[in-house]
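Accompanying notes for the structure given below.
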Amino acid sequence: AMAGRKVLKPPGAKKKRRYRPGWSGQIGAIVAGGIAIAAVAAAWGFDWGDTWDSNSAGRGGQDEGGLKICKMQIVAEYPHDKDAFTQGLLVHDGRMFESTGLYGHSDLREVDIETGQVIHKVDLDAKYFGEGLTVHNGRLLQLTWRENVMFEYDLDLNPIAQHSYAGEGWGLASQGDDQTLILTNGSSMFQYLDPTTKEVSGTTQVYYDDPHSTADTDVRRAVSHLNELELIDGRIYANVWGGDVILVIVPETGQVTHVLNLSTLPYYEELRKQKNEPRRDDVLNGIAFDEEKRKLYVTGKRWPVLYEVELPDFSSCEYMLKPGSSST
């Protein structure tokens, strides 16, 4: 199937819960197990306030449903097209596919993982801004931002059909052949799309139980700016626009159970040095899981590097406790 393609160089008892919507602000730096989570700008849509040290960041002691943070380890680094404004990323049958954005620069491409070379690509018309990407029933589905068009391709990037859907398109994930699709639009909602009509069949609010709350009841905070999605072992992994973390979400309930800390990726050091540069949208975005090889890849918009990182060991992730709580 690869023959004849042009290779392009890369340019206990449950407590009563009450819901509160999120609010804008910044997350203070949190230190968990000695590793700092850099401040995440307003993308999360809430403010955790005080900086916590390793004592209050927690080592257990909270009941089921508490938020856990996971340290992430790099396995390998690979070249990535520094001009690719990554919007969607996936691996299917060992082949990596990527959707890129920006008007006049959007495309769908197949990429060689180890070299970063573009094996084949299809450019979108300049009126479309490419967005999230998934594989569903053996077909590639690519969103557009504000154009309400979903492009369908075969696995050789031949266009098959176009579908319409309501609202903006950011991230897209398939829950399996003939199952509903999950779409994000920059809000705090998962939208479930009928796989045939692409109409919205339901929604779920994505939230976390606020570990900073001192209230007697659990406080639920909505998480906004949900972006790129990947289904891994029954959980949705989600980028958050502007954030240096990946959220792990239960798709049936919308609950965030784990936060994958990627603030220590080496390229973030380069970005911090460039903080006064005008391009501030070179953010973490792109999650791909090779199910057969059990490999997890991440990258960002215009990042020159693709990282393979270890799958999180959820049993070793640490609870984020409320201030003043003690470990048990």
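Chain lettering (A, B, ...) mirrors the order of the structure tokens, residue numbering begins at 1 for each chain separately, and ligand numbering begins at 1 in order of display.
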**Q.** Nearby residues (only C-alpha atoms) at most 7 Å from range 88-97 of chain A, same-chain spacing under 6 positions excluded, as number ranges by chain
**A.** A: 109-113, 131-134, 228, 286-290
Hey, can you spit out that residue selection with N, CA, C and O atoms as a CSV table (one decimal), in the first residue's frame?
chain,number,residue,atom,x,y,z
A,109,ARG,N,-2.1,14.2,6.4
A,109,ARG,CA,-0.9,13.6,6.0
A,109,ARG,C,-0.6,12.3,6.7
A,109,ARG,O,-1.0,12.0,7.8
A,110,GLU,N,0.2,11.4,6.0
A,110,GLU,CA,0.7,10.2,6.7
A,110,GLU,C,2.2,10.5,6.9
A,110,GLU,O,2.9,11.1,6.0
A,111,VAL,N,2.7,10.2,8.1
A,111,VAL,CA,4.0,10.6,8.5
A,111,VAL,C,4.8,9.3,8.9
A,111,VAL,O,4.3,8.4,9.6
A,112,ASP,N,6.1,9.3,8.5
A,112,ASP,CA,7.0,8.2,9.0
A,112,ASP,C,7.4,8.6,10.5
A,112,ASP,O,8.0,9.7,10.7
A,113,ILE,N,7.1,7.8,11.4
A,113,ILE,CA,7.3,8.1,12.8
A,113,ILE,C,8.8,8.3,13.1
A,113,ILE,O,9.1,9.3,13.8
A,131,GLU,N,-8.8,20.4,11.7
A,131,GLU,CA,-8.8,20.2,13.1
A,131,GLU,C,-8.7,18.7,13.5
A,131,GLU,O,-7.8,18.0,12.9
A,132,GLY,N,-9.4,18.2,14.4
A,132,GLY,CA,-9.2,16.8,15.0
A,132,GLY,C,-9.4,15.7,14.0
A,132,GLY,O,-10.0,15.9,12.9
A,133,LEU,N,-8.9,14.6,14.3
A,133,LEU,CA,-8.8,13.4,13.4
A,133,LEU,C,-9.0,12.1,14.2
A,133,LEU,O,-8.5,12.0,15.3
A,134,THR,N,-9.7,11.2,13.6
A,134,THR,CA,-9.9,9.9,14.1
A,134,THR,C,-10.0,8.8,13.0
A,134,THR,O,-10.3,9.2,11.9
A,228,GLU,N,-7.7,18.2,21.4
A,228,GLU,CA,-7.4,16.9,20.8
A,228,GLU,C,-7.7,15.7,21.7
A,228,GLU,O,-7.5,15.8,22.9
A,286,GLY,N,-1.7,17.0,20.3
A,286,GLY,CA,-1.4,15.8,19.5
A,286,GLY,C,-1.1,14.6,20.4
A,286,GLY,O,-0.1,14.6,21.1
A,287,ILE,N,-2.0,13.6,20.4
A,287,ILE,CA,-1.9,12.4,21.2
A,287,ILE,C,-2.2,11.2,20.3
A,287,ILE,O,-3.2,11.2,19.6
A,288,ALA,N,-1.2,10.3,20.2
A,288,ALA,CA,-1.4,9.1,19.3
A,288,ALA,C,-1.0,7.9,20.1
A,288,ALA,O,0.0,7.9,20.8
A,289,PHE,N,-1.9,6.9,20.0
A,289,PHE,CA,-1.6,5.6,20.7
A,289,PHE,C,-1.5,4.5,19.7
A,289,PHE,O,-2.5,4.2,18.9
A,290,ASP,N,-0.4,3.8,19.7
A,290,ASP,CA,-0.2,2.6,18.9
A,290,ASP,C,-0.7,1.4,19.8
A,290,ASP,O,0.0,0.9,20.7
Q: Could you give me, as a ChimeraX atom specification, the residues within 12 Å of Ser174 in chain A, counting only C-alpha atoms and dropping anything in the same chain fewer than 6 positions from it?
A: /A:90,132-142,180-183,191-195,229-232,234-236,251
Q: Would you mind telling me which residue in A:Lys82, A:His225, A:Arg220, A:Lys127 lies nearest to His105 in chain A when using only C-alpha atoms?
A: A:Lys127
Q) Which one is closest to Asn261 in chain A: A:Glu318, A:Asp244, A:Glu98, A:Glu291? Count only C-alpha atoms. A)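 Between A:Glu318, A:Asp244, A:Glu98, A:Glu291, the residue approaching Asn261 in chain A most closely is A:Asp244.
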Can you tell me, as a short mmCIF file (atom, residue, chain, number, x, y, z; two decimals) with N, CA, C and O atoms, in the first residue's frame, what residues are no more than 6 Å from range 301-314 of chain A when counting only C-alpha atoms, ignoring any on the same chain fewer than 5 positions away?
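Output below, filename around06.cif:
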data_model
loop_
_atom_site.label_atom_id
_atom_site.label_comp_id
_atom_site.auth_asym_id
_atom_site.auth_seq_id
_atom_site.Cartn_x
_atom_site.Cartn_y
_atom_site.Cartn_z
N GLN A 73 7.46 9.81 31.73
CA GLN A 73 8.84 9.54 31.35
C GLN A 73 8.96 9.44 29.84
O GLN A 73 8.13 8.82 29.17
N ILE A 74 10.00 10.07 29.30
CA ILE A 74 10.26 10.02 27.86
C ILE A 74 10.95 8.72 27.52
O ILE A 74 11.91 8.30 28.17
N VAL A 75 10.46 8.06 26.46
CA VAL A 75 11.07 6.83 25.96
C VAL A 75 12.00 7.14 24.79
O VAL A 75 13.10 6.62 24.70
N ALA A 76 11.54 8.01 23.88
CA ALA A 76 12.32 8.33 22.69
C ALA A 76 11.86 9.65 22.12
O ALA A 76 10.77 10.15 22.43
N GLU A 77 12.71 10.24 21.27
CA GLU A 77 12.40 11.48 20.56
C GLU A 77 12.59 11.24 19.07
O GLU A 77 13.54 10.59 18.65
N TYR A 78 11.67 11.80 18.27
CA TYR A 78 11.74 11.66 16.82
C TYR A 78 11.55 13.03 16.18
O TYR A 78 10.92 13.92 16.77
N PRO A 79 12.06 13.21 14.96
CA PRO A 79 11.83 14.49 14.27
C PRO A 79 10.35 14.69 13.95
O PRO A 79 9.61 13.73 13.75
N HIS A 80 9.96 15.96 13.92
CA HIS A 80 8.58 16.32 13.57
C HIS A 80 8.64 17.61 12.77
O HIS A 80 9.48 18.47 13.02
N ASP A 81 7.75 17.74 11.82
CA ASP A 81 7.71 18.91 10.95
C ASP A 81 7.41 20.16 11.78
O ASP A 81 6.32 20.32 12.31
N LYS A 82 8.39 21.07 11.85
CA LYS A 82 8.24 22.26 12.68
C LYS A 82 7.25 23.26 12.10
O LYS A 82 6.90 24.24 12.78
N ASP A 83 6.80 23.04 10.88
CA ASP A 83 5.80 23.91 10.29
C ASP A 83 4.39 23.33 10.38
O ASP A 83 3.43 23.96 9.93
N ALA A 84 4.28 22.14 10.95
CA ALA A 84 2.96 21.48 11.04
C ALA A 84 2.22 22.00 12.26
O ALA A 84 2.65 21.81 13.40
N PHE A 85 1.09 22.64 12.01
CA PHE A 85 0.24 23.15 13.08
C PHE A 85 -0.69 22.01 13.49
O PHE A 85 -1.84 21.92 13.08
N THR A 86 -0.17 21.13 14.33
CA THR A 86 -0.81 19.86 14.63
C THR A 86 -2.16 20.05 15.31
O THR A 86 -2.27 20.70 16.36
N ASP A 282 2.18 27.83 19.88
CA ASP A 282 2.95 26.59 19.67
C ASP A 282 2.80 25.70 20.89
O ASP A 282 3.77 25.42 21.61
N VAL A 283 1.59 25.24 21.13
CA VAL A 283 1.27 24.58 22.38
C VAL A 283 1.20 23.06 22.21
O VAL A 283 1.11 22.53 21.10
N LEU A 296 2.81 5.33 23.21
CA LEU A 296 2.09 6.60 23.30
C LEU A 296 2.98 7.73 22.80
O LEU A 296 4.12 7.86 23.24
#
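Of the listed residues A:Leu67, A:Leu157, A:Ala126, A:Leu247, the one whose atoms come nearest to Leu108 in chain A is A:Leu157, with distances taken using only C-alpha atoms.
As for CA of Gln87 in chain A and CA of Pro159 in chain A, they are spaced 18.8 Å apart.
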Q: For each of A:Gln175, A:Asn148, A:Ser187, A:Trp241, take the minimum atom-to-atom distance to His163 in chain A, counting only C-alpha atoms, then give the residue where this is smallest.
A: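 The closest residue to His163 in chain A is A:Asn148.
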(Q) So that I can check the surroundings of Cys317 in chain A, please list as a list in words every protein, DNA and RNA residue that reaches within 6 Å of it, counting only C-alpha atoms and ignoring chain neighbours fewer than 3 positions away. (A)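 My list of contacting residues is Lys68, Ile69, Cys70 and Phe314 of chain A.
Residue nearest Thr144 in chain A within the list A:Val248, A:Val240, A:Val118, A:Leu172: A:Leu172 [criterion: smallest interatomic distance, only C-alpha atoms].
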Q. Separation of CA of Tyr237 in chain A and CA of Leu284 in chain A, in Å?
A.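 Those two atoms sit 13.0 Å apart.
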Q. CA of Lys121 in chain A and CA of Thr196 in chain A are how many Å apart?
A.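 Pair CA of Lys121 in chain A / CA of Thr196 in chain A returns 25.9 Å.
Closest approach to Ala166 in chain A among A:Gln179, A:Ser99, A:Asn185, A:Thr253 is made by A:Asn185 (distances from only C-alpha atoms).
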